[in-house]
Amino acid sequence: GDTLVFGKLSLQTKTTPVMTVGGWTDMSRQTIERSSVQYVDAAFRAMAIAYGKKTNELFINTLNGGTYESVAATASADSVTDAVADASIAIYGNAGGRPQFILASPDVWKDLVTLFAVDGRPIVGGNAPVNNIGNANLPQMTANLFGLTVVVDPALAKGTCYIANSEAAVTWENGGPRRLSDEDITNLTSQFSVYGYTAYGVIYPEMIVKVTGLGTTA
């Protein structure tokens, strides 16, 4: 018969710009019709790759613009362990969530996969049978640390590392990239383009912790 605890949810209304991302190219009808290479397919593939790089860059810009709790670490196993533990406590305490991945620049990834035990044994990058804190595939630039997938993004500045939950940030997209094509009958050329509309937002900054002190920070 006790009265339930009263709670109130406060929401903020914010906006984020919708950006148009795209590019185009042209080629002659002779190239399209007589080349042994599938020129149109190759052009669309190249533009799709460029589209992906640009949208990723825009997302990283949005992510870097946020304000987050931070923890410090050095390139040692005990320090990284402390950083992951502190980040986990922060994400759970501030937002009731759990960390799901580590987002790292290539130099930070290198620091993580080259961690060694005090006896000189690799505990991430090597095939350590016991007492390892993670595993890595060096040629593929992948890793897993304490059960957290390490995502490497070359668009991140050197020395950048985040520990986060996937619900922290959102990408809105219209299903792009979409394709358009047109022709000029006066000079026998064809134009091709890809484009899309996209927007980004950090919804739960409390679910992101920035790790400082790893990689090349100079």
# chains A, B, ... in the order shown; residues from 1 in each chain; ligands from 1
>>> closest_atom_pairs(of="segment 90-172 of chain A", to="segment 55-79 of chain A", cutoff="10 Å", atoms="only C-alpha atoms", output="JSON lines")
{"residue": "A:Ala90", "atom": "CA", "partner": "A:Glu69", "partner_atom": "CA", "distance": 7.7}
{"residue": "A:Ile91", "atom": "CA", "partner": "A:Glu69", "partner_atom": "CA", "distance": 9.1}
{"residue": "A:Asn94", "atom": "CA", "partner": "A:Glu69", "partner_atom": "CA", "distance": 9.7}
{"residue": "A:Val108", "atom": "CA", "partner": "A:Ala75", "partner_atom": "CA", "distance": 8.8}
{"residue": "A:Lys110", "atom": "CA", "partner": "A:Ala75", "partner_atom": "CA", "distance": 9.6}
{"residue": "A:Asp111", "atom": "CA", "partner": "A:Ala75", "partner_atom": "CA", "distance": 5.8}
{"residue": "A:Leu112", "atom": "CA", "partner": "A:Ala75", "partner_atom": "CA", "distance": 7.0}
{"residue": "A:Val113", "atom": "CA", "partner": "A:Ala75", "partner_atom": "CA", "distance": 9.8}
{"residue": "A:Thr114", "atom": "CA", "partner": "A:Ala75", "partner_atom": "CA", "distance": 8.5}
{"residue": "A:Leu115", "atom": "CA", "partner": "A:Ala77", "partner_atom": "CA", "distance": 6.0}
{"residue": "A:Phe116", "atom": "CA", "partner": "A:Ala77", "partner_atom": "CA", "distance": 6.9}
{"residue": "A:Ala117", "atom": "CA", "partner": "A:Ala77", "partner_atom": "CA", "distance": 7.1}
{"residue": "A:Val118", "atom": "CA", "partner": "A:Ala77", "partner_atom": "CA", "distance": 9.1}
{"residue": "A:Ile123", "atom": "CA", "partner": "A:Ala77", "partner_atom": "CA", "distance": 8.4}
{"residue": "A:Val124", "atom": "CA", "partner": "A:Ala77", "partner_atom": "CA", "distance": 9.5}
{"residue": "A:Ile133", "atom": "CA", "partner": "A:Ala77", "partner_atom": "CA", "distance": 8.4}
{"residue": "A:Asp153", "atom": "CA", "partner": "A:Asn56", "partner_atom": "CA", "distance": 9.0}
{"residue": "A:Pro154", "atom": "CA", "partner": "A:Glu57", "partner_atom": "CA", "distance": 9.6}
{"residue": "A:Ala155", "atom": "CA", "partner": "A:Glu57", "partner_atom": "CA", "distance": 6.2}
{"residue": "A:Leu156", "atom": "CA", "partner": "A:Ile60", "partner_atom": "CA", "distance": 6.9}
{"residue": "A:Ala157", "atom": "CA", "partner": "A:Ile60", "partner_atom": "CA", "distance": 9.6}
{"residue": "A:Thr160", "atom": "CA", "partner": "A:Asn64", "partner_atom": "CA", "distance": 9.3}
{"residue": "A:Tyr162", "atom": "CA", "partner": "A:Ser70", "partner_atom": "CA", "distance": 8.9}
{"residue": "A:Ile163", "atom": "CA", "partner": "A:Ser70", "partner_atom": "CA", "distance": 9.6}
{"residue": "A:Ala168", "atom": "CA", "partner": "A:Leu63", "partner_atom": "CA", "distance": 9.8}
{"residue": "A:Ala169", "atom": "CA", "partner": "A:Leu63", "partner_atom": "CA", "distance": 7.8}
{"residue": "A:Val170", "atom": "CA", "partner": "A:Phe59", "partner_atom": "CA", "distance": 9.0}
{"residue": "A:Thr171", "atom": "CA", "partner": "A:Phe59", "partner_atom": "CA", "distance": 7.6}
>>> residues_around(residues="segment 175-182 of chain A", least_positions_apart="5", cutoff="6 Å", atoms="only C-alpha atoms", output="list in words")
Ser190, Gln191, Phe192, Ser193, Val194, Tyr195 and Gly196 of chain A
>>> write_last_selection(atoms="N, CA, C and O atoms", output="PDB file, in the first residue's frame")
ATOM      1  N   SER A 190      27.896  11.222 -71.391  1.00  0.00           N
ATOM      2  CA  SER A 190      26.926  10.854 -70.360  1.00  0.00           C
ATOM      3  C   SER A 190      27.439  11.316 -69.010  1.00  0.00           C
ATOM      4  O   SER A 190      28.651  11.289 -68.754  1.00  0.00           O
ATOM      5  N   GLN A 191      26.525  11.779 -68.161  1.00  0.00           N
ATOM      6  CA  GLN A 191      26.871  12.234 -66.820  1.00  0.00           C
ATOM      7  C   GLN A 191      26.210  11.311 -65.804  1.00  0.00           C
ATOM      8  O   GLN A 191      25.069  10.877 -65.980  1.00  0.00           O
ATOM      9  N   PHE A 192      26.977  11.016 -64.751  1.00  0.00           N
ATOM     10  CA  PHE A 192      26.482  10.139 -63.687  1.00  0.00           C
ATOM     11  C   PHE A 192      26.784  10.772 -62.333  1.00  0.00           C
ATOM     12  O   PHE A 192      27.825  11.395 -62.159  1.00  0.00           O
ATOM     13  N   SER A 193      25.868  10.613 -61.391  1.00  0.00           N
ATOM     14  CA  SER A 193      26.084  11.184 -60.061  1.00  0.00           C
ATOM     15  C   SER A 193      25.509  10.265 -58.994  1.00  0.00           C
ATOM     16  O   SER A 193      24.629   9.428 -59.268  1.00  0.00           O
ATOM     17  N   VAL A 194      26.021  10.414 -57.788  1.00  0.00           N
ATOM     18  CA  VAL A 194      25.441   9.780 -56.602  1.00  0.00           C
ATOM     19  C   VAL A 194      25.220  10.879 -55.568  1.00  0.00           C
ATOM     20  O   VAL A 194      25.968  11.853 -55.509  1.00  0.00           O
ATOM     21  N   TYR A 195      24.170  10.728 -54.764  1.00  0.00           N
ATOM     22  CA  TYR A 195      23.885  11.742 -53.753  1.00  0.00           C
ATOM     23  C   TYR A 195      23.049  11.116 -52.645  1.00  0.00           C
ATOM     24  O   TYR A 195      22.455  10.030 -52.796  1.00  0.00           O
ATOM     25  N   GLY A 196      22.991  11.799 -51.539  1.00  0.00           N
ATOM     26  CA  GLY A 196      22.155  11.381 -50.424  1.00  0.00           C
ATOM     27  C   GLY A 196      22.003  12.506 -49.427  1.00  0.00           C
ATOM     28  O   GLY A 196      22.776  13.468 -49.427  1.00  0.00           O
TER      29      GLY A 196
END
>>> select_by_dssp(residues="chain A", states="strand (DSSP E)", output="PyMOL selection string")
chain A and resi 19-28+69-72+101-104+134-137+142-145+148-152+161-164+169-173+178-184+189-202+208-212
>>> select_by_dssp(residues="segment 13-208 of chain A", states="helix (DSSP H, G or I)", output="ChimeraX atom specification")
/A:29-34,39-64,77-95,106-113,205-207
>>> residues_around(residues="Thr189 of chain A", least_positions_apart="2", cutoff="9 Å", atoms="only C-alpha atoms", output="list in words")
Asp26, Met27, Ser28, Arg29, Gln30, Asp182, Glu183, Asp184, Ile185, Thr186, Asn187 and Gln191 of chain A
>>> closest_residue(among="A:Tyr51, A:Trp172, A:Phe101, A:Tyr197", to="Phe146 of chain A", atoms="only C-alpha atoms")
A:Phe101
>>> closest_residue(among="A:Ala95, A:Val80, A:Val37, A:Leu9", to="Ile203 of chain A", atoms="only C-alpha atoms")
A:Ala95
>>> closest_residue(among="A:Thr81, A:Thr31, A:Gln100, A:Ser105", to="Val152 of chain A", atoms="only C-alpha atoms")
A:Ser105
>>> atom_distance(atom1="atom CA of Ala199 of chain A", atom2="atom CA of Met19 of chain A")
6.1 Å
